[in-house]
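**Q** Okay, here's the structure, questions in a sec.
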Amino acid sequence: MFKVESRTPEGNVTISVEGYLPEFVKYSFANKANCDVGNIILKKGTTGKVIGKVVTQNNKPVGINVHLWCQTVEKGFNVSASKKDGTYEFEGVPPGKCEVSAKSRLGFKATHNFNIKNGEELELPNLVLNFTNSALVTFTFKLPDGSFAKNTRVNGKYIGGDGKLIRDMKAGTYSDWPMKYNGKNYVSEKFEIFESTDALEVQMWENN
């Protein structure tokens, strides 16, 4: 018997016992003070580990959320891929049929189905996000005096303290992105995004 005390009226608890597979139990205290989830039967076994990487069709790493779904326990997990090299890692994965998936902000999705055994450490093939007619671009914004804008917004998007802005962009021609910096108004020159574009310096001009 176990007891759960929670301010949340419903949710999930994970029961883990060494040498047994974890069980994910749903509970609900809606309209009642006590919740009986019934008998919980633990199965012997050891969870595994899954590692992988998210890349574009040009084999460039993508830092993006990765989702894992395990059919045997009807449970989903989320993890953020490393923004540096696109790698991801899931531990405590129960054996059985699973799926990993990643979806870009532009709606492009990649999935991979696999089976994992008890205690197995599994390296999966790359999740390839096909950014058709689009690119993941690192922008920098150059001011008329040769310096670069930092810690401000351009076209509504935030430029960090390193002066960079990383965005998923559809291929095409852009211009007139507005920016206010140190009390002055600026606007971008015309620039073009190609599928192969990964970094771009955009010239900003004063807009009086």
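Order determines the names: the first chain of the structure tokens is A, the second B, and so forth; residues in each chain are numbered 1 upward, and ligands are numbered 1 upward as they are shown.
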So which residues touch region 153-161 of chain A within 7 Å, counting only C-alpha atoms, skipping near sequence neighbours fewer than 4 positions away, as a list of chain:residue names?
**A**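 Contacts, in chain order: A:Leu165, A:Trp177, A:Pro178, A:Met179.
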**Q** Those same residues, written as a short mmCIF file (atom, residue, chain, number, x, y, z; two decimals), in the first residue's frame with N, CA and C atoms?
**A**
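What follows is the written file part-v4.cif:
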data_model
loop_
_atom_site.label_atom_id
_atom_site.label_comp_id
_atom_site.auth_asym_id
_atom_site.auth_seq_id
_atom_site.Cartn_x
_atom_site.Cartn_y
_atom_site.Cartn_z
N LEU A 165 20.55 36.11 -33.20
CA LEU A 165 19.15 35.70 -33.23
C LEU A 165 19.05 34.47 -34.11
N TRP A 177 12.90 45.11 -41.79
CA TRP A 177 12.66 44.66 -40.42
C TRP A 177 12.96 45.83 -39.48
N PRO A 178 12.01 46.24 -38.63
CA PRO A 178 12.23 47.40 -37.76
C PRO A 178 12.94 47.03 -36.46
N MET A 179 13.70 47.99 -35.95
CA MET A 179 14.39 47.80 -34.68
C MET A 179 14.62 49.17 -34.03
#
**Q** Excluding same-chain residues fewer than 2 positions from Cys70 (chain A), what lies within 12 Å of it counting only C-alpha atoms, as a count of residues only?
**A** 28
**Q** Neighbouring residues of Thr111 (chain A) were defined as those with any atom within 12 Å, considering only C-alpha atoms; residues of the same chain fewer than 4 positions away were excluded. Please report them as a ChimeraX atom specification.
**A** /A:52-54,66-69,98-103,124-130
**Q** Would you output that residue set with C-alpha atoms, as a short mmCIF file (atom, residue, chain, number, x, y, z; two decimals), in the first residue's frame?
**A**
data_model
loop_
_atom_site.label_atom_id
_atom_site.label_comp_id
_atom_site.auth_asym_id
_atom_site.auth_seq_id
_atom_site.Cartn_x
_atom_site.Cartn_y
_atom_site.Cartn_z
CA GLY A 52 20.19 10.13 -30.68
CA LYS A 53 20.61 13.34 -32.63
CA VAL A 54 18.41 15.79 -34.54
CA VAL A 66 12.34 15.68 -28.67
CA HIS A 67 9.34 13.59 -27.57
CA LEU A 68 9.46 9.89 -26.60
CA TRP A 69 6.31 7.75 -26.49
CA CYS A 98 8.56 3.22 -28.61
CA GLU A 99 8.70 6.25 -30.87
CA VAL A 100 10.84 9.39 -30.82
CA SER A 101 9.73 12.49 -32.67
CA ALA A 102 10.74 16.12 -33.17
CA LYS A 103 8.78 18.97 -34.72
CA LEU A 124 19.02 5.61 -32.76
CA PRO A 125 19.47 6.84 -36.34
CA ASN A 126 19.41 10.62 -36.75
CA LEU A 127 16.03 12.33 -36.68
CA VAL A 128 16.16 14.29 -39.94
CA LEU A 129 13.99 17.40 -40.09
CA ASN A 130 13.50 18.17 -43.77
#
**Q** Check region 28-163 of chain A with DSSP on the backbone and list each residue it calls strand (DSSP E or B), as a ChimeraX atom specification.
**A** /A:28,44,48-56,61,65-70,75-80,87-93,96-103,109-116,121-123,127-129,134-142,148,152-154,157-159
**Q** Need the shell around region 182-189 of chain A: protein/DNA/RNA residues with any atom at most 10 Å away, counting only C-alpha atoms. Skip same-chain ones fewer than 6 positions apart. Format as an mmCIF file with N, CA and C atoms, in the first residue's frame?
**A**
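Written file, around-v1.cif:
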data_model
loop_
_atom_site.group_PDB
_atom_site.id
_atom_site.type_symbol
_atom_site.label_atom_id
_atom_site.label_comp_id
_atom_site.auth_asym_id
_atom_site.auth_seq_id
_atom_site.Cartn_x
_atom_site.Cartn_y
_atom_site.Cartn_z
ATOM 1 N N PHE A 141 23.012 41.678 -36.568
ATOM 2 C CA PHE A 141 22.472 42.910 -37.149
ATOM 3 C C PHE A 141 23.490 44.038 -36.965
ATOM 4 N N LYS A 142 24.060 44.462 -38.100
ATOM 5 C CA LYS A 142 25.141 45.440 -38.110
ATOM 6 C C LYS A 142 24.585 46.853 -38.233
ATOM 7 N N LEU A 143 25.045 47.725 -37.340
ATOM 8 C CA LEU A 143 24.616 49.124 -37.335
ATOM 9 C C LEU A 143 25.515 49.965 -38.247
ATOM 10 N N PRO A 144 25.070 51.170 -38.605
ATOM 11 C CA PRO A 144 25.860 52.011 -39.505
ATOM 12 C C PRO A 144 27.281 52.293 -39.018
ATOM 13 N N ALA A 149 23.964 45.165 -32.886
ATOM 14 C CA ALA A 149 22.891 45.332 -31.901
ATOM 15 C C ALA A 149 22.850 44.137 -30.948
ATOM 16 N N THR A 152 18.096 43.543 -27.615
ATOM 17 C CA THR A 152 16.966 44.335 -28.096
ATOM 18 C C THR A 152 16.116 43.456 -29.001
ATOM 19 N N VAL A 154 14.291 42.925 -32.897
ATOM 20 C CA VAL A 154 14.202 43.287 -34.300
ATOM 21 C C VAL A 154 13.038 42.511 -34.899
ATOM 22 N N ASN A 155 12.140 43.228 -35.543
ATOM 23 C CA ASN A 155 10.942 42.616 -36.120
ATOM 24 C C ASN A 155 10.187 41.778 -35.076
ATOM 25 N N TYR A 174 13.552 39.275 -47.913
ATOM 26 C CA TYR A 174 13.006 40.036 -46.800
ATOM 27 C C TYR A 174 13.622 41.439 -46.786
ATOM 28 N N SER A 175 12.910 42.378 -46.177
ATOM 29 C CA SER A 175 13.440 43.728 -46.012
ATOM 30 C C SER A 175 12.607 44.464 -44.974
ATOM 31 N N ASP A 176 13.129 45.633 -44.561
ATOM 32 C CA ASP A 176 12.392 46.564 -43.698
ATOM 33 C C ASP A 176 12.027 45.970 -42.340
ATOM 34 N N VAL A 202 22.993 41.091 -41.324
ATOM 35 C CA VAL A 202 22.020 41.990 -41.934
ATOM 36 C C VAL A 202 22.373 43.435 -41.571
ATOM 37 N N GLN A 203 22.505 44.261 -42.580
ATOM 38 C CA GLN A 203 22.817 45.662 -42.362
ATOM 39 C C GLN A 203 21.555 46.432 -41.961
ATOM 40 N N MET A 204 21.676 47.220 -40.888
ATOM 41 C CA MET A 204 20.579 48.058 -40.418
ATOM 42 C C MET A 204 20.898 49.531 -40.699
ATOM 43 N N TRP A 205 19.902 50.290 -41.133
ATOM 44 C CA TRP A 205 20.069 51.700 -41.413
ATOM 45 C C TRP A 205 19.091 52.525 -40.575
ATOM 46 N N GLU A 206 19.511 53.748 -40.254
ATOM 47 C CA GLU A 206 18.624 54.611 -39.479
ATOM 48 C C GLU A 206 17.367 54.926 -40.287
ATOM 49 N N ASN A 207 16.243 54.930 -39.572
ATOM 50 C CA ASN A 207 14.958 55.190 -40.217
ATOM 51 C C ASN A 207 14.289 56.371 -39.495
ATOM 52 N N ASN A 208 14.494 57.555 -39.988
ATOM 53 C CA ASN A 208 14.007 58.756 -39.310
ATOM 54 C C ASN A 208 12.567 59.085 -39.737
#
**Q** Can you pull out the residues contacting Val137 (chain A)? Cut-off 10 Å, using only C-alpha atoms, and skip same-chain residues under 4 positions away; I want them as a list in words.
**A**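 The neighbour list is Lys164, Leu165, Ile166, Arg167, Asp168, Met169, Lys170, Ile193, Phe194, Glu195, Ser196, Thr197, Asp198, Ala199 and Leu200 of chain A.
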**Q** Those residues with C-alpha atoms, as a compact mmCIF listing (two decimals), in the first residue's frame please?
**A**
# COMPACT_ATOMS: atom_id res chain seq x y z
CA LYS A 164 22.68 36.70 -32.27
CA LEU A 165 19.15 35.70 -33.23
CA ILE A 166 18.45 32.11 -34.31
CA ARG A 167 15.27 31.53 -36.32
CA ASP A 168 13.61 28.98 -38.60
CA MET A 169 13.08 30.92 -41.82
CA LYS A 170 11.28 30.14 -45.05
CA ILE A 193 17.32 33.42 -47.35
CA PHE A 194 18.26 30.22 -49.19
CA GLU A 195 17.86 26.62 -48.02
CA SER A 196 21.64 26.49 -47.58
CA THR A 197 21.80 29.68 -45.45
CA ASP A 198 23.01 29.06 -41.92
CA ALA A 199 24.44 32.46 -40.88
CA LEU A 200 23.65 35.95 -42.14
**Q** Using CA of Val62 (chain A) and CA of Ser104 (chain A) as the two end points, give the distance in Å to one decimal.
**A**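 Atom-to-atom, CA of Val62 (chain A) to CA of Ser104 (chain A), that is 9.2 Å.
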**Q** Between CA of Ile64 (chain A) and CA of Ala81 (chain A), measure the distance and give it in Å to one decimal.
**A**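 Here the two named atoms are 5.2 Å from each other.
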**Q** Just how far from CA of Phe139 (chain A) is CA of Val79 (chain A), in Å to one decimal?
**A**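 Interatomic distance here is 25.8 Å.
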